[in-house]
Amino acid sequence: MALRVFACFAGGYFMSYALRSVNAVIAPELVADFGLSHAQLGSLSSAYFFGFALLQLPLGIWLDRFGSRRTDSSLLVVAAAGCVTFALAQNVAMLWLGRALIGAGVAGALMSALKGYRFWYPAERQQQLAAWMLVVGTAGALTSTVPVQAALSIAGWRGVFWLAAALMLVASTAIRVFVPRDEERAVHPAQPGSVWNGYREVFADPYFWRFGLTAIVIQGTFISMQSLWAGPWFTQVLGMGKAQAAQALFIFNLVLLFGYLGLGWLLPRLAKTGWSTLRIISVSTTVVLLLQLSIALIDASWAWVLWLPFAIASTGYIIVQPHVSMTFPPALTGRAYTAFNLLIFVGIFVCQWLFGVAIDAFRALGDAEVAAFRHALLVWVLIQSLPFALLLMWRVEPRPAG
């Protein structure tokens with residue numbers, strides 16, 4: 001039963017992560033078929049995160065009211081409809097709508113699982129289960145690289161999305177049929193007014209924003225790169241072919257997967273030696289920014305290798321959300337999770353779109369394609385440095401325990 005519950009929710013999260021990252025591989029086909037600019041490509045891919053972010057606050061209420069099984073299985077049907085819309089698209093507006101529906105449909109894939117796991121599994125298993133879910137998600141990102149590139153020559157990008165729609169329906173059905181109903185029978189929904197008052201309390205907390213502003217930009221930038229801009233960087237800046245870029249993305253996501261596994265092993269050991277969350281984030285963010293500077297400045301065929309330590313260093317941010325959420329009372333923990341998730345995905349939406357806008361702006365100023373990408377990333381390093389400085393200088397502390 002324990003394996004069955006995990007496998008059902010993991011299937012939905014696997015698909016959500018695969019669809020989050022797939023545009024990094026199919027971007028050349030979309031640009032060729034629809035004549036997309038960089039800004040349009042960034043906006044199109046970020047529509048996923050727009051839909052995802054839009055549902056975060058109502059998601060917390062639905063999980064309290066209906067439970068994990070019904071909420072997640074119903075939303076995955078919406079994601080399947082988004083895949084069908086994307087596959088049938090004849091213009092950019094339909095592509096955008098399909099992508100937004102996919103994002104809305106998978107908005108509960110991880111949060112539903114984590115809420116359900118708190119009911120079904122003991123407390124000492126929670127961090128381990130969260131780490132395993134991230135491993136499953138990264139495996140989904142791996143599937144969206146070389147396997148999708150191979151599928152493009154057989155079925156095209158439309159065929160890929162028809163297959164994704166079918167798999168989404170399978171995941172939804174598995175959750176609906178095989179996940180037990182005892183968690184939703186135990187749900188005791190709060191009154192609507194108290195639900196929204198809880199969100200107001202979360203968003204009014206200074207410590208929430210101390211880490212949240214940094215996560216918006218730093219974590220938002222990394223996921224924007226992973227899910228879209230890494231692919232065009234490999235092909236347009238480093239001159240890779242499509243197959244070679246897909247292989248590089250596969251290695252990038254494989255390293256990320258092992259990075260999550262390694263971080264899960266390392267965290268207890270760092271805690272024993274006195275490393276705080278702030279110290280871990282400070283070190284990892286410094287490394288992330290230095291690596292981005294190197295990626296922007298080094299012009300060499302081997303420079304794609306710099307993306308691998310970039311992936312490893314970025315894994316540190318998975319500890320921020322549980323750290324901040326656990327500073328709130330137990331009654332607010334769920335809303336703290338979804339509120340923080342909202343910040344992150346708004347950040348991804350904005351970063352993914354504006355990075356494309358920045359590239360087009362440098363092109364309009366006379367830069368060649370490669371120079372425009374590099375200058376946009378340099379500007380982005382500066383932008384990320386601002387909330388990081390605020391994190392280090394803002395001395396606000398979490399509320400006292402209890």
# chains A, B, ... in the order shown; residues from 1 in each chain; ligands from 1

call {"tool": "residues_around", "arguments": {"residues": "region 149-163 of chain A", "least_positions_apart": "4", "cutoff": "12 Å", "atoms": "only C-alpha atoms", "output": "number ranges by chain"}}
result
A: 15, 18-19, 22-33, 79-90, 95, 98-99, 102, 142-145, 167-170, 231, 241-250

call {"tool": "closest_atom_pairs", "arguments": {"of": "region 234-328 of chain A", "to": "region 209-217 of chain A", "cutoff": "10 Å", "atoms": "only C-alpha atoms", "output": "Markdown table"}}
result
| residue | atom | partner | partner_atom | distance |
| --- | --- | --- | --- | --- |
| A:Leu278 | CA | A:Phe211 | CA | 8.9 |
| A:Ile281 | CA | A:Phe211 | CA | 9.5 |
| A:Thr285 | CA | A:Thr214 | CA | 9.4 |
| A:Tyr317 | CA | A:Ala215 | CA | 7.3 |
| A:Ile318 | CA | A:Ala215 | CA | 9.7 |
| A:Val320 | CA | A:Phe211 | CA | 7.2 |
| A:Gln321 | CA | A:Gly212 | CA | 8.5 |
| A:His323 | CA | A:Phe211 | CA | 9.5 |
| A:Val324 | CA | A:Phe211 | CA | 7.6 |

call {"tool": "residues_around", "arguments": {"residues": "region 259-273 of chain A", "least_positions_apart": "2", "cutoff": "8 Å", "atoms": "only C-alpha atoms", "output": "list in words"}}
result
Gln128, Ala131, Leu134, Val135, Val255, Leu256, Leu257, Trp275, Ser276, Ala311, Ile312, Thr315 and Gly316 of chain A

call {"tool": "select_by_dssp", "arguments": {"residues": "region 236-402 of chain A", "states": "helix (DSSP H, G or I)", "output": "number ranges by chain"}}
result
A: 236-237, 242-272, 277-297, 301-325, 330-364, 369-393

call {"tool": "residues_around", "arguments": {"residues": "region 296-307 of chain A", "least_positions_apart": "3", "cutoff": "6 Å", "atoms": "only C-alpha atoms", "output": "PDB file with C-alpha atoms, in the first residue's frame"}}
result
ATOM      1  CA  LEU A 293      29.236  34.658 -14.862  1.00  0.00           C
ATOM      2  CA  PHE A 310      25.478  25.030 -11.923  1.00  0.00           C
ATOM      3  CA  ARG A 374      25.643  36.506 -23.227  1.00  0.00           C
TER       4      ARG A 374
END

call {"tool": "residues_around", "arguments": {"residues": "Phe349 (chain A)", "least_positions_apart": "6", "cutoff": "12 Å", "atoms": "only C-alpha atoms", "output": "number ranges by chain"}}
result
A: 20, 42-54, 100, 103, 216-217, 219-225, 227-228, 342-343, 355-356

call {"tool": "residues_around", "arguments": {"residues": "Cys8 (chain A)", "least_positions_apart": "6", "cutoff": "8 Å", "atoms": "only C-alpha atoms", "output": "list in words"}}
result
Ala171, Ala174, Ile175, Phe178 and Val179 of chain A

call {"tool": "closest_residue", "arguments": {"among": "A:Phe34, A:Phe208, A:Trp229, A:Phe119", "to": "Met326 (chain A)", "atoms": "only C-alpha atoms"}}
result
A:Phe208

call {"tool": "residues_around", "arguments": {"residues": "Ala339 (chain A)", "least_positions_apart": "6", "cutoff": "12 Å", "atoms": "only C-alpha atoms", "output": "count of residues only"}}
result
31

call {"tool": "closest_residue", "arguments": {"among": "A:Ile218, A:Ile295, A:Ile344, A:Leu41", "to": "Trp96 (chain A)", "atoms": "only C-alpha atoms"}}
result
A:Leu41

call {"tool": "closest_residue", "arguments": {"among": "A:Ala39, A:Leu390, A:Ala371, A:Ala2", "to": "Leu238 (chain A)", "atoms": "only C-alpha atoms"}}
result
A:Ala371

call {"tool": "decode", "arguments": {"residues": "region 239-277 of chain A", "atoms": "C-alpha atoms", "output": "PDB file, in the first residue's frame"}}
result
ATOM      1  CA  GLY A 239      26.710  25.914 -31.772  1.00  0.00           C
ATOM      2  CA  MET A 240      25.523  22.400 -30.911  1.00  0.00           C
ATOM      3  CA  GLY A 241      23.269  20.415 -33.204  1.00  0.00           C
ATOM      4  CA  LYS A 242      19.808  19.438 -32.000  1.00  0.00           C
ATOM      5  CA  ALA A 243      20.804  15.874 -31.109  1.00  0.00           C
ATOM      6  CA  GLN A 244      23.983  17.026 -29.359  1.00  0.00           C
ATOM      7  CA  ALA A 245      22.038  19.649 -27.373  1.00  0.00           C
ATOM      8  CA  ALA A 246      19.490  17.012 -26.322  1.00  0.00           C
ATOM      9  CA  GLN A 247      22.329  14.810 -25.089  1.00  0.00           C
ATOM     10  CA  ALA A 248      23.828  17.729 -23.147  1.00  0.00           C
ATOM     11  CA  LEU A 249      20.413  18.420 -21.572  1.00  0.00           C
ATOM     12  CA  PHE A 250      20.127  14.745 -20.659  1.00  0.00           C
ATOM     13  CA  ILE A 251      23.493  14.857 -18.881  1.00  0.00           C
ATOM     14  CA  PHE A 252      22.537  18.165 -17.217  1.00  0.00           C
ATOM     15  CA  ASN A 253      19.337  16.679 -15.771  1.00  0.00           C
ATOM     16  CA  LEU A 254      21.065  13.424 -14.835  1.00  0.00           C
ATOM     17  CA  VAL A 255      23.639  15.393 -12.836  1.00  0.00           C
ATOM     18  CA  LEU A 256      20.779  17.336 -11.252  1.00  0.00           C
ATOM     19  CA  LEU A 257      19.111  14.066 -10.224  1.00  0.00           C
ATOM     20  CA  PHE A 258      22.287  12.864  -8.509  1.00  0.00           C
ATOM     21  CA  GLY A 259      22.660  16.333  -7.004  1.00  0.00           C
ATOM     22  CA  TYR A 260      19.309  15.927  -5.248  1.00  0.00           C
ATOM     23  CA  LEU A 261      20.297  12.472  -4.024  1.00  0.00           C
ATOM     24  CA  GLY A 262      23.634  13.799  -2.785  1.00  0.00           C
ATOM     25  CA  LEU A 263      22.020  16.744  -1.037  1.00  0.00           C
ATOM     26  CA  GLY A 264      19.652  14.395   0.799  1.00  0.00           C
ATOM     27  CA  TRP A 265      22.693  12.472   2.044  1.00  0.00           C
ATOM     28  CA  LEU A 266      24.662  15.634   2.903  1.00  0.00           C
ATOM     29  CA  LEU A 267      22.043  17.715   4.765  1.00  0.00           C
ATOM     30  CA  PRO A 268      22.011  15.731   8.038  1.00  0.00           C
ATOM     31  CA  ARG A 269      25.796  15.829   8.108  1.00  0.00           C
ATOM     32  CA  LEU A 270      25.871  19.594   7.552  1.00  0.00           C
ATOM     33  CA  ALA A 271      23.302  20.051  10.321  1.00  0.00           C
ATOM     34  CA  LYS A 272      25.506  18.080  12.733  1.00  0.00           C
ATOM     35  CA  THR A 273      28.429  20.393  12.001  1.00  0.00           C
ATOM     36  CA  GLY A 274      26.316  23.498  12.669  1.00  0.00           C
ATOM     37  CA  TRP A 275      25.514  24.678   9.137  1.00  0.00           C
ATOM     38  CA  SER A 276      22.325  26.752   9.153  1.00  0.00           C
ATOM     39  CA  THR A 277      19.908  27.110   6.242  1.00  0.00           C
TER      40      THR A 277
END
